[in-house]
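**Student:** Can you keep this structure in mind? I'll have questions shortly.
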Protein chains: 4
Amino acid sequence: MPPRTPIPLIKVDVKKAPWEQNQKPHNRWHPDIPPVAEAKAGDLFRVETIDWTGGQIKDDDSAEDVKHVDLSRCHYLSGPIRIVDDQGIPAQPGDLLVVELCNLGPLPGDEWGYTGTFDRDNGGGFLTDHFPEATKAIWYFDGIYASSRHIPGVRFAGLIHPGLIGTAPSHELLKIWNDRERALVEGGEGSTTLGGVLHTRPLALLPEPKGALLGGVPTDTPDWARVSGEAARTIPGRENGGNCDIKNLSRGCRVYFPVFVEGANLSMGDMHFSQGDGEVSFCGAIEMSGFLDLKCEIIRGGMEQYLTPMGPTKLHVHPIFEIGPLEPRYSEWLVFEGISVDETGRQHYLDASVAYKRAVLNAIDYLAKFGYTKQQVYLLLSCCPCEGRISGIVDVPNAVATLAIPVAIFDQDVRPKPGGPPVGPRLLRRGDVAKATYEGSKTLTINACMCGGGH
Amino acid sequence: MPPRTPIPLIKVDVKKAPWEQNQKPHNRWHPDIPPVAEAKAGDLFRVETIDWTGGQIKDDDSAEDVKHVDLSRCHYLSGPIRIVDDQGIPAQPGDLLVVELCNLGPLPGDEWGYTGTFDRDNGGGFLTDHFPEATKAIWYFDGIYASSRHIPGVRFAGLIHPGLIGTAPSHELLKIWNDRERALVEGGEGSTTLGGVLHTRPLALLPEPKGALLGGVPTDTPDWARVSGEAARTIPGRENGGNCDIKNLSRGCRVYFPVFVEGANLSMGDMHFSQGDGEVSFCGAIEMSGFLDLKCEIIRGGMEQYLTPMGPTKLHVHPIFEIGPLEPRYSEWLVFEGISVDETGRQHYLDASVAYKRAVLNAIDYLAKFGYTKQQVYLLLSCCPCEGRISGIVDVPNAVATLAIPVAIFDQDVRPKPGGPPVGPRLLRRGDVAKATYEGSKTLTINACMCGGGH
Amino acid sequence: MPPRTPIPLIKVDVKKAPWEQNQKPHNRWHPDIPPVAEAKAGDLFRVETIDWTGGQIKDDDSAEDVKHVDLSRCHYLSGPIRIVDDQGIPAQPGDLLVVELCNLGPLPGDEWGYTGTFDRDNGGGFLTDHFPEATKAIWYFDGIYASSRHIPGVRFAGLIHPGLIGTAPSHELLKIWNDRERALVEGGEGSTTLGGVLHTRPLALLPEPKGALLGGVPTDTPDWARVSGEAARTIPGRENGGNCDIKNLSRGCRVYFPVFVEGANLSMGDMHFSQGDGEVSFCGAIEMSGFLDLKCEIIRGGMEQYLTPMGPTKLHVHPIFEIGPLEPRYSEWLVFEGISVDETGRQHYLDASVAYKRAVLNAIDYLAKFGYTKQQVYLLLSCCPCEGRISGIVDVPNAVATLAIPVAIFDQDVRPKPGGPPVGPRLLRRGDVAKATYEGSKTLTINACMCGGGH
Amino acid sequence: MPPRTPIPLIKVDVKKAPWEQNQKPHNRWHPDIPPVAEAKAGDLFRVETIDWTGGQIKDDDSAEDVKHVDLSRCHYLSGPIRIVDDQGIPAQPGDLLVVELCNLGPLPGDEWGYTGTFDRDNGGGFLTDHFPEATKAIWYFDGIYASSRHIPGVRFAGLIHPGLIGTAPSHELLKIWNDRERALVEGGEGSTTLGGVLHTRPLALLPEPKGALLGGVPTDTPDWARVSGEAARTIPGRENGGNCDIKNLSRGCRVYFPVFVEGANLSMGDMHFSQGDGEVSFCGAIEMSGFLDLKCEIIRGGMEQYLTPMGPTKLHVHPIFEIGPLEPRYSEWLVFEGISVDETGRQHYLDASVAYKRAVLNAIDYLAKFGYTKQQVYLLLSCCPCEGRISGIVDVPNAVATLAIPVAIFDQDVRPKPGGPPVGPRLLRRGDVAKATYEGSKTLTINACMCGGGH
């Protein structure tokens, strides 16, 4: 008989700094970061993770910690975990690693999370040209539900998931990443149309030894210097999965990862209690520490059988996954549309990112009529279970994106009605998120049309 | 007591050409196209529509009709319908027009549809650089279900909706449209990053008298010449709704449209039996003739109360809508991921369109392992109830998009399994779509990695 | 190529009496009623039906028609339809007949329905001892939605289904039915515990030539006399399906019927726009005329392969079915419990019928606090998409039944809240159903506890 | 700021016997059992519970423990918990106690459960006349999923809930319970029609000092003797909630309980990892130890405002509840029908219990064709998330009940198909549950029709 209780494979202590953990986490991707644990196919094992900033953000009412966050030290991942089959033979490059997310949750005793927007000059976010200041909201969990003293009047069931989970890249894949991202940075903002409208900085984050934590790579060695200089940053999702921030990787989900190195070297972290599609505020899910109960299988040769590469090499693949049966059920949705015309009125060509930005801006302005500040709505749309869809992608020149929001999460009816939105005593003011001042010099995207409405 | 049966407001005869219909349709947007009918708030009325090409595509096994389609003559819209309140006072600019889609369906006696991809030099599509040839699949309807002799082995419940529904633009709004789209065209392909990777041509479709049908505007008059020279083309969704191709505008949905001209002048057409998010093949839904049973309300002043403009003028707004209770229910989904790295391996910056293209390409290659041709899967993903999500839009430099496909639409289990996809006698070949030859000279995007697999 | 449009197999004219229809319906079950039409496996065909009372109930504001309805003339069924395979060989006893309900709807031009309760002395209903008078509510359809001038403030999406659909019994099965139902009637009310608490009369309806309509059986012949004297009444569901009043037999459903006679002889009628589990008021769904688009298959020998008989003969089987993908989606439910203790406080043993009666009574009293009369709620629970569950059936001596009601069908929030239900000006009175007087002498079940509340 | 982590209100040690727990549980209902803990409205607190038999059933492969279980010692409840408002004023009779089930789960380290059928002479079950022997299946939990070595080939997501939760009865209510249940027992089996077909013994369980555990009532005192002689057994659900075995009381649910005594005195236990509607095998859910995270509110006077009594006294009420948003989602269901004709062919009058028994028997025989033993299916239907509906309750003389089973829980397609169920090498045998011998003398209900098939 197998053990009935998940094997405690990786444990963390949220009272300690990341580098003080017994099984040291890592915050870069590199094939030479050695496994900290091993799991056998079929085992049910538990992995604990610290929150993605390693404790930089506090449960208080100031956003100064968000404003001054050190983003070179983030995404502390638990792992790598070497996966072997029941004969002890490790997963091999070309295999498919099936990871079943059997259960997930906050760490017992640490049941809280935060949502924030970064300062425009230190991280930014999807709408940072509209909302340049750092903000923060704290969420507490009543079991399955989240609510916030900073955004009263909303409550929703969590869709707990790891923002970041993936296998280790091979040396070859790592080089592909670094080369293509360097090319983007070197091209500069002007080389990408979106550089002008999605004002998140910088274009990409290249390898950076400062702030690197490399798990079991011995510090103060030539190896550490080499690995830290080569290792990929963790911000974007890539061929190995990684920071995909897919909210549907929740309870009961099965993910099929390509294997690039012997043992697969699975790592994970950045647990989210809930997130909206797009995670628009960047620090945008309900970020928390947490645990995952996992079960792995190896499909030998499955990467080549199932994942057709699309690109210059055999490594240009993506994970696939199956959605689990326990997503929260909402049946009534209010949906906002956006087309690929930006806030200055300029026409973009089939640009779903611009269209989605418009849909999100529309939703913020709409919901702000119901007693919320725009910053509250921005954070809410970043972390509540809203759905972002690419509705039309072929009708030149406009892409159409939609943002669907479940109306049941509000304690009032937010649908349009004759008579207009609540005014006077019917309008219940709702406090505000914690805010820090933006002291940079970048220009705000002013909505010329809005009379009397500020941010 | 109100009448119990929908008032037959606009009728069509699918055996006649568009210009021979009694209530002549229109295929351009212009405020001076006069209403062909009037409806009172609260009335339940029926609008019939011809298919979007006005009968150019036939129920046969050749794709020549798709290849040679005349796209200057398309989107034949039923309307405009002037909406008045129960006092007979028309909707006014600044009002919100609530349109409830009480029921929709194919026209009795004409229960079939088609899905196609256009030739790369005559319309193109989302993946036209991969699939440059015109193709076609014919669908028959067994009540709620669609199936196709060209794509055997799949069957799904329709999510019937109008691809195109909207209110008439004012003169001011029309000018905004024409100006911004002309600027895009004049900028040329090089002015947009996506021009290089989304090879649909042209960048935008500017006003064009050829092929114009203008409803009640008297032909051979100076008015006709003026209107046809100014009127906007119908391909893109815009501030008035229009060709948004949102599959969720289905039974029971309520849409809130801004009103730009007196009477609102509501028009609609391009009925779809089903569509996937993105409608990737462009002629991509299951296109059909059809009917809509509608009920309208006017929220006086509601456009200003509820829709905050975002852009240079008060007209830069978007419709919003509520999803109805009758969408087909599927609980098991296989999901494909894509990041914003294109097929050449080039890194794009937070580009959800590129990411979605990758997700769709990944899904096509995957499903083609189960006995389908890639063209069959391309058409299937365009018209089955699949969901396209913007999962991550802030993790520089990669946007992450996902495409979720309900597994229950297949007559085989398409999930990954040990042993790999079916081979030998287990692999059931599935015929093919109708195809025409691509005779143009544009380059195919070759997948360098694919060994032995052609298109 | 098969025809694209459903074959019009059986048509009705709602302006004519049942016996004046071209393809005469039948309102009894008998193997000797000859088929009126034939359908081939794989064909998509349309069957029209008149409403179950054959036009006895009118769209007006009086319940006298319900009070005086002639229940010996009801359940006018369209059919029998003889089903053959593609070789023309009919279905045989022992086969399984697969009937796919591809689409259903009201008859065009006749889009209305009614819900009623019968007089206690002429039909009764589940709660007839509480509500002895005849009542009626008229429903109009806005496409997928139903609403009633007699029960304002509620609106819901229909779950259209045939209350009655089944195959013809063989002579042997017919005799089994008649024997066991006669034994029940002869045992008398005292022979069944439930006789004392479920006051619907009579215990069963035995064969009755009066009112019989026998399709193609020639009238005024010895055959007619014989058949009308033997033919089973249509009220109960039985081994052949029949009047099961299962609301989930809706769009997209597949039903597997046992075949008892050559050709299967499928009949159907009693179309419902919507119904709650249990159809508690008896005339309780939204009753209407309607159409069904069907597709049949024959599984040769499937009755014996799949349906194990449970009882004295091989004929003691039941149909099974698969639920379709288009049931209305509601995510928030208020649920009422009931245990098997009756209104006098008497304990019954594991009696789910008594428990369900209590749950329904509890729901009626609860919802009546929100401005409805109890008769309105009784009718509403009979026809809205509420779910009746057998929650616990083993915890002696109490069965537990639950009744779940979707809260989104109301235009107010009906959940419990601090402060209690609305009173004074917050309480919106809601008119009433049409009522007739009960003039019989049976005793009302008085709720001794209720102070000031009458029915 | 409130504490972020649930207050650990009641803790258990599963290695100790029930009477050795620090906060002694109780297994009877009585107003004089004193509270073991107090909780304030608004607090989030955790209650741990031992399994319902207090450890009598073991994780092994023998059913002897089930056969010889002592049912006088069962339903060990954690509580009573006295509920006070934020002023410290306790809930009062006539109030409504709102209990939100914020989270539930197995106890960490004890993640397993069992499903069994009792011996016909020691507990029985819904089908004990068909399956008289004790059986057992052990379930392990992979996070949200349950699977069993005794029923291979099925796996499903749990719908965790307390089988038993309720408020304490007042003296008056307790007397009502004892009187009516005693009257049933004294009437004898012949006094209830169902006595003849639902062969669970005895008719009811009257107060019994043997085996009683009374929490804080001092043992060996006159009080103990009095209370144990009066206290109600816990098997049935009643006016206070109690052992309702409602599977939908799961995560996120809100239950509204009547308050009968000062402080409400809330107790709970009998945690289930999953259960089917009806819990047909009696020991039929997946029984386990577990925890509940709860939050309470008091609606002052709410019992009288919202719960209309129906019966001789003001105490004849039932709880109501709202379903939570996290029920597992299944979209494809195979449904079995049953009518109120018993296995001997005898007609019962509108008897939903008999109809449901037929539906369950039909489902067992059907699924047994796919390689399972009937005992495996019986246990499976008792604990998987199947839905039992009262479909028709007015069509004299037949009630119609349905049992809907999600097809996705099986690793094979169990729907009917041409060619019949699997035979020969296609049929995969599936082991069996643990079984004990029935040594009693009661008659088995033999299915005369079944040739060669035994149980």
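As shown in the structure tokens, the chain order sets the letters A, B, ...; within each chain, residues go from 1, and ligands are also counted from 1 in the order they appear.
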Taking 3 positions as the minimum chain separation for residues in the same chain, which residues sit within 7 Å of region 372-375 of chain B when counting only C-alpha atoms? Answer as a list of chain:residue names.

**Tutor:**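 Residues near the query, excluding close chain neighbours: B:Ile364, B:Asp365, B:Leu367, B:Ala368, B:Lys369, B:Tyr378, B:Leu379, B:Arg429, B:Arg430, B:Asp432, B:Val433, B:His455.
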
**Student:** As JSON, numbers by chain, could you give me every residue of chain B near chain D (at most 8 Å apart, counting only C-alpha atoms)?

**Tutor:** {"B": [329, 330, 331, 332]}

**Student:** Generate the output file for the selected residues, C-alpha atoms, as a compact mmCIF listing (two decimals), in the first residue's frame.

**Tutor:**
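Okay, this is what ended up in part03.txt:
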```txt
# COMPACT_ATOMS: atom_id res chain seq x y z
CA ARG B 329 -21.75 23.14 -21.11
CA TYR B 330 -18.47 21.34 -21.43
CA SER B 331 -16.44 20.39 -18.40
CA GLU B 332 -13.27 18.84 -19.80
```

**Student:** From the DSSP assignment of the backbone, select every residue of region 239-390 of chain A that is strand (DSSP E), and format the answer as a PyMOL selection string.

**Tutor:** chain A and resi 241-242+254-258+266-272+282-287+290-299+320-322+333-339+387-390

**Student:** What's the 12 Å shell around Gly211 (chain B), counting only C-alpha atoms, without same-chain residues fewer than 6 positions away, as a count of residues only?

**Tutor:** 18

**Student:** Going by DSSP on the backbone, which bits of region 121-302 of chain B are helix (DSSP H, G or I)? Write them as an NGL selection string, please.

**Tutor:** :B and (171-187 or 189-191 or 193-196 or 222-230 or 302)

**Student:** Could the residues in this selection be saved with C-alpha atoms as a compact mmCIF listing (two decimals), in the first residue's frame?

**Tutor:**
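selection_36.txt was written with the following content:
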```txt
# COMPACT_ATOMS: atom_id res chain seq x y z
CA HIS B 171 -21.00 61.67 -39.19
CA GLU B 172 -18.40 62.62 -36.61
CA LEU B 173 -17.71 59.04 -35.62
CA LEU B 174 -17.56 57.92 -39.23
CA LYS B 175 -14.88 60.51 -39.92
CA ILE B 176 -12.87 59.30 -36.95
CA TRP B 177 -12.99 55.76 -38.33
CA ASN B 178 -11.99 56.72 -41.82
CA ASP B 179 -9.18 58.97 -40.65
CA ARG B 180 -7.53 56.49 -38.34
CA GLU B 181 -7.80 53.55 -40.70
CA ARG B 182 -6.45 55.60 -43.59
CA ALA B 183 -3.49 56.58 -41.41
CA LEU B 184 -2.77 52.92 -40.78
CA VAL B 185 -2.90 52.03 -44.46
CA GLU B 186 -0.75 54.99 -45.37
CA GLY B 187 1.80 54.02 -42.74
CA GLU B 189 3.07 47.34 -43.39
CA GLY B 190 6.37 48.46 -41.94
CA SER B 191 4.66 50.80 -39.52
CA THR B 193 5.26 45.17 -35.95
CA LEU B 194 2.43 42.79 -36.46
CA GLY B 195 2.46 43.52 -40.16
CA GLY B 196 5.39 41.20 -40.34
CA PRO B 222 -25.43 62.30 -55.93
CA ASP B 223 -26.39 61.04 -52.49
CA TRP B 224 -25.47 57.50 -53.41
CA ALA B 225 -22.12 58.65 -54.73
CA ARG B 226 -21.41 60.65 -51.61
CA VAL B 227 -22.54 58.03 -49.15
CA SER B 228 -20.77 55.19 -50.90
CA GLY B 229 -17.57 57.20 -50.96
CA GLU B 230 -17.75 57.95 -47.25
CA GLY B 302 -27.27 55.82 -20.40
```

**Student:** Name all residues at most 8 Å from region 100-107 of chain B (count only C-alpha atoms; drop same-chain ones fewer than 3 positions away) and give them as a PDB file with C-alpha atoms, in the first residue's frame.

**Tutor:**
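The resulting file, result_36.pdb, is reproduced below:
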```pdb
ATOM      1  CA  GLU B  48     -34.102  37.607 -40.752  1.00  0.00           C
ATOM      2  CA  ASP B 110     -31.937  26.624 -44.890  1.00  0.00           C
ATOM      3  CA  GLU B 111     -30.268  24.705 -42.083  1.00  0.00           C
ATOM      4  CA  TRP B 112     -26.654  24.554 -43.217  1.00  0.00           C
ATOM      5  CA  ILE B 160     -25.620  30.733 -32.338  1.00  0.00           C
ATOM      6  CA  HIS B 161     -24.857  34.447 -32.549  1.00  0.00           C
ATOM      7  CA  LEU B 249     -23.555  37.123 -28.002  1.00  0.00           C
ATOM      8  CA  SER B 250     -25.873  34.160 -28.002  1.00  0.00           C
ATOM      9  CA  ARG B 251     -29.306  33.176 -26.740  1.00  0.00           C
ATOM     10  CA  GLY B 252     -30.446  35.212 -23.786  1.00  0.00           C
ATOM     11  CA  CYS B 253     -27.612  37.738 -23.994  1.00  0.00           C
ATOM     12  CA  ARG B 254     -28.261  41.442 -23.342  1.00  0.00           C
ATOM     13  CA  VAL B 255     -26.097  43.942 -25.219  1.00  0.00           C
ATOM     14  CA  PHE B 273     -24.119  28.750 -35.947  1.00  0.00           C
ATOM     15  CA  MET B 288     -25.305  30.873 -42.336  1.00  0.00           C
ATOM     16  CA  SER B 289     -28.491  32.775 -42.956  1.00  0.00           C
ATOM     17  CA  GLY B 290     -30.640  33.091 -39.873  1.00  0.00           C
ATOM     18  CA  PHE B 291     -33.147  34.853 -37.696  1.00  0.00           C
ATOM     19  CA  LEU B 292     -32.988  36.828 -34.470  1.00  0.00           C
ATOM     20  CA  ASP B 293     -35.856  37.475 -32.037  1.00  0.00           C
ATOM     21  CA  LEU B 294     -35.059  40.714 -30.277  1.00  0.00           C
ATOM     22  CA  LYS B 295     -36.406  42.969 -27.576  1.00  0.00           C
ATOM     23  CA  CYS B 296     -35.083  46.488 -27.030  1.00  0.00           C
TER      24      CYS B 296
ATOM     25  CA  ASP C 142     -39.578  35.887 -25.237  1.00  0.00           C
ATOM     26  CA  GLY C 143     -37.501  33.421 -27.188  1.00  0.00           C
ATOM     27  CA  ILE C 144     -35.732  31.379 -24.569  1.00  0.00           C
ATOM     28  CA  TYR C 145     -37.395  33.153 -21.644  1.00  0.00           C
TER      29      TYR C 145
END
```

**Student:** If you count only C-alpha atoms, which residues fall within 10 Å of Glu343 (chain B), apart from same-chain ones fewer than 5 positions away, as a list of chain:residue names?

**Tutor:** A:Pro309, A:Met310, A:Gly311, A:Pro312, A:His316, B:Val197, B:Val354, B:Lys357, B:Arg358, B:Leu361, B:Thr445, B:Ile446, B:Asn447, B:Ala448

**Student:** Just want the 7 Å neighbourhood of Ile405 (chain D), counted on only C-alpha atoms, with same-chain residues fewer than 5 positions away dropped. Output as a VMD selection string.

**Tutor:** chain D and resid 333 to 335 386 to 387

**Student:** Identify, on the basis of only C-alpha atoms, every residue whose closest approach to Ala404 (chain B) does not exceed 10 Å; exclude the query and any residue fewer than 3 positions from it along the same chain; express the result as an NGL selection string.

**Tutor:** (:A and (320-323)) or (:B and (276-277 or 332-337 or 359-360 or 363 or 381 or 385-389 or 407))
